[in-house]
Every structure is written in C-alpha cells, then in structure tokens.
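Below: one structure, written as structure tokens.
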Amino acid sequence: MYLGIDLGTSSVKVLVLDAQHAVLAVADAALDISRPQPLWSEQDPHAWWKALDQAMQQLRSQVPRALSQVRAVGLSGQMHGAVVLGERRQVLRPAILWNDCRASAQCTALEAAVPQSRQITGNLAMPGFTAPKLLWLHQHEPEVFAQTRLVLLPKDWLRLKLTGEAVSDMSDASGTLWLDTGTRCWSAEMLAACGLTEQHMPRLVEGTGASAQLLADVASAWGLPAGVTVAGGAGDNAATAVGVGAVRPGQGFVSLGTSGVIFLATDSFRPQPEAAVHAFAHALPQRWHHMSVMLSAASAFGWVTRLTQRSSEAVLAHEASLLSLPAREQAPIFLPYLSGERTPHNDAHASGTFIGLRPAHDAPDLAYAVMEGVTFGLMDGLNAIMQGHKPGGEALALVGGGARSDRWGQMIASGLERPLTRDEGAQAAAALGAARLGWMADGGTEEEVCLAPKDTAHFEPNAHEASLLQERYQKFKTLYPALRPYFFGAQKEAA
C-alpha cells in the first residue's frame with residue numbers, strides 16, 4: 001500500500017493506493033485562505049497540519065487495515081509558498097501563497113540584480129514565486145527576515161512535521177527562483193541576491209527518491225507501520241503528471257483547479273521565459289516540463305456561482321449548457337484575471353472584467369462567459385507553450401475540480417483543438433501521483449508505476465464550436481492590451 005498526501009490551496013487530500021493500481025480510499029479536509037490586504041494571499045501552516053490530521057483520521061476509519069500495510073508516503077503540494085522558520089524551526093509568520101501578488105517590485109529588483117536569472121532558473125521573475133516574497137519580507141518585515149533560518153515550501157513544511165527532516169524535491173524547488181533548473185541544484189547567485197545562502201535551504205532529492213522516514217509518533221497516531229519511507233514528492237502539477245502518466249516528452253494535461261494549467265513533459269531543459277512559460281524540473285530524474293499558468297480557473301466559476309447566488313456550481317453549469325447558439329454568440333466576454341495573471345501577461349494588476357453586458361443577460365450568460373473566458377486563457381497558455389514545441393495533436397488528460405463538467409471539457413477540447421481524456425480519479429490526480437512517487441521510492445519502476453489511467457470520458461474537438469470560439473477569441477485577445485492601463489494599481493506602478 002502507498003499513501004499520497006496532496007496539500008492544495010482549498011483542501012488537503014489523502015489517498016491510499018495498492019500495488020494493482022486500485023485507489024482504496026480518498027479523504028480530504030477543507031482549508032481557508034486569508035486575504036488581509038489587496039493582492040495578499042496567506043495561510044497558517046498549522047492549519048495544514050490540522051487538516052491533514054483530520055483527513056488521515058477519516059482514512060483510518062475507512063481503511064485501517066490498508067493503512068497498517070503502507071510501505072511509503074509521497075507528498076504533493078501547492079507550489080511557490082514561503083514558510084519562514086526561526087532558530088527553533090518555529091513558524092515566524094503566515095505562509096505567503098502562490099497566488100499572492102504583493103511582490104511585483106521585487107521581481108524587477110531581482111532580475112536587475114541577476115541579469116542572467118532567466119537562463120539560470122528558466123523563468124521570468126513573477127510575484128507568485130518564492131524568491132520575490134523573501135525580498136519583500138527583507139524590505140517590509142525586516143525583523144522577520146532577520147530571524148529566518150530556514151525557508152520551506154508548503155508540502156516540505158508538512159514533511160518537516162512528518163519526519164523532522166528539511167528536504168525538498170527538484171520539481172517544487174524549480175518554482176522558487178533559487179534553483180539552477182538545468183543542473184538541478186541550488187543557485188548560490190540567486191540565493192545571494194535575496195540575502196540568503198544554501199544554509200537557509202532544505203536538502204534536495206529527486207521526486208522518486210527517499211527523503212526520510214516517518215516519525216514513530218506520527219505513524220502511531222495514524223495507524224501506519226514503523227519505518228515508512230517518505231518520498232521526495234513533487235509540486236502539485238508535476239505530481240498530477242505522474243498521476244495521469246504524463247512522463248514522456250509531449251505527454252501532458254490540462255488542469256481546471258483553483259488555477260488553470262497546461263503541462264507538457266520534455267526530456268531537456270529548454271527555457272521559454274519570453275512567453276511567460278514556466279520551465280521546471282519534472283518529478284522524475286532527467287526530465288523537465290513546460291507549463292503555462294493562469295491564476296483563476298475553476299475558482300472563477302465558484303466566484304460567479306456565489307455572485308449569482310445559485311445553489312451550486314453544478315446547477316449553474318447546467319443552466320449555462322442550455323444556452324442557445326444565438327445567446328452564446330451574444331454573451332459578454334470575460335477576462336478571467338480575478339487574481340492577476342501569469343501566462344502570457346505576467347501582470348499582477350490584471351483584473352477580471354465582463355465586456356458587452358446588456359439588461360437581457362442573466363446568470364447563465366455570465367456563467368457561460370466565465371467558462372469561455374477561462375477556456376480562452378487556456379488557449380493563450382497552449383499557444384505560448386507551442387512556440388517551443390512541434391505542432392502535435394496528442395490527447396491531453398483533463399484534471400481538477402472543474403473537470404467534472406462535461407460541457408466545460410467539450411468547450412476546452414474545441415478551443416484547444418486537442419482531444420481531452422478524463423478518468424474517474426481526475427479530481428485526485430495529484431494525490432495519486434504522490435502515492436506513485438512513494439511507490440517508486442519503495443523500488444517500483446517507472447514502467448510499472450506511471451501508467452495512464454483508463455479514461456471514462458473522451459472529448460473530441462467540435463469544428464462548429466471551435467469556429468465560434470475562435471471568432472470570439474480574436475476579440476478576447478484585443479481586450480487585455482486595451483484595458484491594461486485602467487486596471488487597479490497599474491497607474492500607480494507605472495508612475
């Protein structure tokens with residue numbers, strides 16, 4: 001048996017996998033996000049541990065015998081978050097999350113300090129990354145920065161609680177801007193530009209490697225055996241790729257989670273920073289990947305559901321699916337930048353916007369516009385990634401909470417003009433990937449472990465829908481540059 005732990009933004013999910021690839025049980029516990037100021041996004045790390053314990057107690061009540069046979073644990077987690085620890089490894093302040101956008105000015109300062117940063121890291125400096133957050137702390141909370149002795153990513157803080165060891169993996173470390181991503185080691189130059197050294201960093205292992213062993217008291221509390229191996233694990237998207245079998249060049253997935261992601265595996269380090277595409281280490285040795293990220297995807301649909309006061313997202317999605325063709329042609333156009341944007345704009349001040357509202361528009365029209373706007377954002381992302389890839393039509397896996405909607409899945413397939421597949425475990429792909437990494441740390445091979453799940457739904461591009469989407473997408477692309485000067489905060493930054 002293998003245990004996968006996925007620390008997401010909105011919940012902690014845990015999963016038990018057996019050696020026949022059967023998922024025996026899944027449990028989760030919800031998390032809240034604090035937004036104390038505009039552009040800020042924070043969580044209390046201790047809330048992660050509490051939620052993990054709640055989820056594990058659920059598993060223990062469901063499958064106690066399976067937990068007693070667990071041989072290894074894998075970790076997956078939300079990337080880029082900054083957990084700063086003091087001399088006694090105590091948490092010094094709330095963790096600053098991946099979708100926090102306060103550190104725009106520090107990105108400019110970091111790239112000025114290290115002109116070759118994009119070549120070293122493979123990425124533009126973006127506010128969501130970890131390094132600019134530490135520069136922000138240095139400037140705005142100097143007393144916290146002065147006490148900082150260790151900086152951990154979210155899942156690696158959980159590892160510290162699980163094992164007592166400070167360790168990270170290559171894929172998650174890629175999202176800090178402190179990793180020399182091509183050579184897969186910490187960059188002394190990038191660390192020094194933030195006032196840090198390698199002594200502030202955890203030890204690095206590959207995602208499939210053993211990082212430490214579970215502490216005896218933790219194992220006892222959850223009904224696990226003694227001496228359980230904890231794998232290096234991965235950032236959530238690399239873990240998801242392992243969960244859907246996207247481990248060879250050209251294989252990939254589309255994620256409709258809190259954020260929206262296009263992921264393509266590669267066999268070499270090929271940075272594309274000019275397109276605001278991420279080039280990260282994969283969770284497997286000598287593998288990398290390209291990734292586009294939009295900061296609001298399924299979360300945007302949750303927002304419009306609350307805005308329209310519908311009873312559930314499923315109800316609103318069904319209403320949107322019933323819109324006639326003329327209604328879809330006349331629906332408002334939505335810019336899905338509720339939390340700013342990464343690919344392709346790298347703009348923390350970009351804002352969500354409806355264009356073309358009329359008195360006749362109602363909740364289904366707004367819901368359709370949001371689904372379509374997120375689809376357009378994913379189209380932007382795929383177009384950016386494909387600048388560095390040969391054209392291809394290989395099917396992509398569809399994962400994340402938004403993947404439950406058949407209508408949205410069909411729209412995305414038509415917009416991307418790529419087939420999409422979805423399996424029944426699409427919502428827990430990162431936790432599954434984490435469990436698989438645990439399996440490989442226990443001696444499993446890539447060939448036996450990283451299988452593509454059997455898909456339960458298949459979406460082929462629809463030529464008629466693709467034509468409608470392309471027509472409206474051309475309008476969508478003109479709106480961001482036209483509106484950019486008017487987004488809140490943009491004028492102040494320009495000044």
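Convention: chains lettered A, B, ... in structure tokens order; per-chain residue numbering from 1; ligands numbered from 1 as shown.
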Set the distance at 7 Å and use only C-alpha atoms: which residues neighbour A:Ala279 once local chain neighbours fewer than 5 positions away are removed? I'd like the list as a tab-separated table (two decimals) with C-alpha atoms, in the first residue's frame.
```
chain	number	residue	atom	x	y	z
A	122	GLY	CA	14.32	29.06	-16.83
A	123	ASN	CA	11.65	31.53	-15.78
A	270	ARG	CA	14.51	24.45	-22.68
A	271	PRO	CA	13.57	27.80	-21.11
A	272	GLN	CA	10.83	29.93	-22.72
A	289	HIS	CA	8.41	20.19	-18.34
A	290	HIS	CA	6.87	23.33	-19.77
A	291	MET	CA	3.83	24.80	-18.10
```
Show me, as a list in words, the residues that have an atom within 12 Å of A:Gln116 when counting only C-alpha atoms, minus same-chain residues fewer than 4 positions from it.
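Once the adjacent positions are removed, what remains is Leu110, Glu111, Ala112, Ile120, Thr121, Gly122, Asn123, Leu124, Ala125, Leu177, Asp180, Ser187, Glu189, Met190, Ala193 and Pro273 of chain A.
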For the residues selected in the previous step, produce a file with N, CA and C atoms as an mmCIF file, in the first residue's frame.
```
data_model
loop_
_atom_site.group_PDB
_atom_site.id
_atom_site.type_symbol
_atom_site.label_atom_id
_atom_site.label_comp_id
_atom_site.auth_asym_id
_atom_site.auth_seq_id
_atom_site.Cartn_x
_atom_site.Cartn_y
_atom_site.Cartn_z
ATOM 1 N N LEU A 110 15.017 41.834 -8.523
ATOM 2 C CA LEU A 110 15.743 40.572 -8.584
ATOM 3 C C LEU A 110 16.376 40.373 -9.958
ATOM 4 N N GLU A 111 15.619 40.652 -11.018
ATOM 5 C CA GLU A 111 16.177 40.475 -12.356
ATOM 6 C C GLU A 111 17.277 41.492 -12.644
ATOM 7 N N ALA A 112 17.176 42.682 -12.045
ATOM 8 C CA ALA A 112 18.250 43.669 -12.205
ATOM 9 C C ALA A 112 19.512 43.220 -11.471
ATOM 10 N N ILE A 120 19.344 30.950 -15.713
ATOM 11 C CA ILE A 120 19.622 30.051 -14.587
ATOM 12 C C ILE A 120 18.365 29.286 -14.181
ATOM 13 N N THR A 121 17.279 30.024 -14.006
ATOM 14 C CA THR A 121 16.059 29.429 -13.462
ATOM 15 C C THR A 121 15.109 28.916 -14.528
ATOM 16 N N GLY A 122 15.235 29.432 -15.758
ATOM 17 C CA GLY A 122 14.318 29.063 -16.831
ATOM 18 C C GLY A 122 13.011 29.821 -16.806
ATOM 19 N N ASN A 123 12.924 30.869 -15.983
ATOM 20 C CA ASN A 123 11.647 31.534 -15.778
ATOM 21 C C ASN A 123 11.794 33.039 -15.615
ATOM 22 N N LEU A 124 10.731 33.748 -15.986
ATOM 23 C CA LEU A 124 10.608 35.143 -15.596
ATOM 24 C C LEU A 124 10.450 35.224 -14.079
ATOM 25 N N ALA A 125 10.914 36.308 -13.500
ATOM 26 C CA ALA A 125 10.590 36.562 -12.090
ATOM 27 C C ALA A 125 9.146 37.043 -12.013
ATOM 28 N N LEU A 177 12.651 30.120 -7.849
ATOM 29 C CA LEU A 177 13.634 31.004 -8.497
ATOM 30 C C LEU A 177 14.991 30.950 -7.806
ATOM 31 N N ASP A 180 18.981 26.283 -9.877
ATOM 32 C CA ASP A 180 19.565 26.193 -11.214
ATOM 33 C C ASP A 180 18.882 24.999 -11.861
ATOM 34 N N SER A 187 21.089 27.569 -6.672
ATOM 35 C CA SER A 187 21.946 28.581 -7.288
ATOM 36 C C SER A 187 22.423 29.546 -6.213
ATOM 37 N N GLU A 189 24.082 32.185 -6.618
ATOM 38 C CA GLU A 189 23.909 33.559 -7.084
ATOM 39 C C GLU A 189 22.481 34.057 -6.851
ATOM 40 N N MET A 190 21.494 33.218 -7.158
ATOM 41 C CA MET A 190 20.103 33.629 -6.943
ATOM 42 C C MET A 190 19.804 33.778 -5.456
ATOM 43 N N ALA A 193 21.301 37.043 -4.060
ATOM 44 C CA ALA A 193 20.544 38.232 -4.451
ATOM 45 C C ALA A 193 19.363 38.484 -3.517
ATOM 46 N N PRO A 273 11.222 31.859 -21.248
ATOM 47 C CA PRO A 273 10.752 32.950 -20.392
ATOM 48 C C PRO A 273 10.100 34.090 -21.152
#
```
Contacts of A:Gln147 at 9 Å or less, counting only C-alpha atoms, minus same-chain residues fewer than 5 places along, as number ranges by chain?
A: 84-87, 92, 142
May I have the residues within 8 Å of A:Ala441 as a CSV table (one decimal) with C-alpha atoms, in the first residue's frame, using only C-alpha atoms and disregarding those fewer than 4 positions away in the same chain?
```csv
chain,number,residue,atom,x,y,z
A,72,ALA,CA,5.8,4.5,1.6
A,208,THR,CA,11.2,9.4,-6.8
A,209,GLY,CA,14.0,9.3,-4.1
A,210,ALA,CA,13.7,8.5,-0.4
A,229,THR,CA,9.7,5.8,3.7
A,230,VAL,CA,8.7,9.3,2.7
A,231,ALA,CA,9.5,10.1,-1.0
A,437,LEU,CA,6.2,8.6,-6.2
```
Point out the residue among A:Trp222, A:Trp98, A:Phe354, A:Trp288 with the least atom-to-atom distance to A:Leu39, counting only C-alpha atoms.
A:Trp98
Would you work out the distance separating atom CA of A:Asp365 from atom CA of A:Ala331, expressed in Å to one decimal?
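Computing it gives 5.7 Å between the two atoms.
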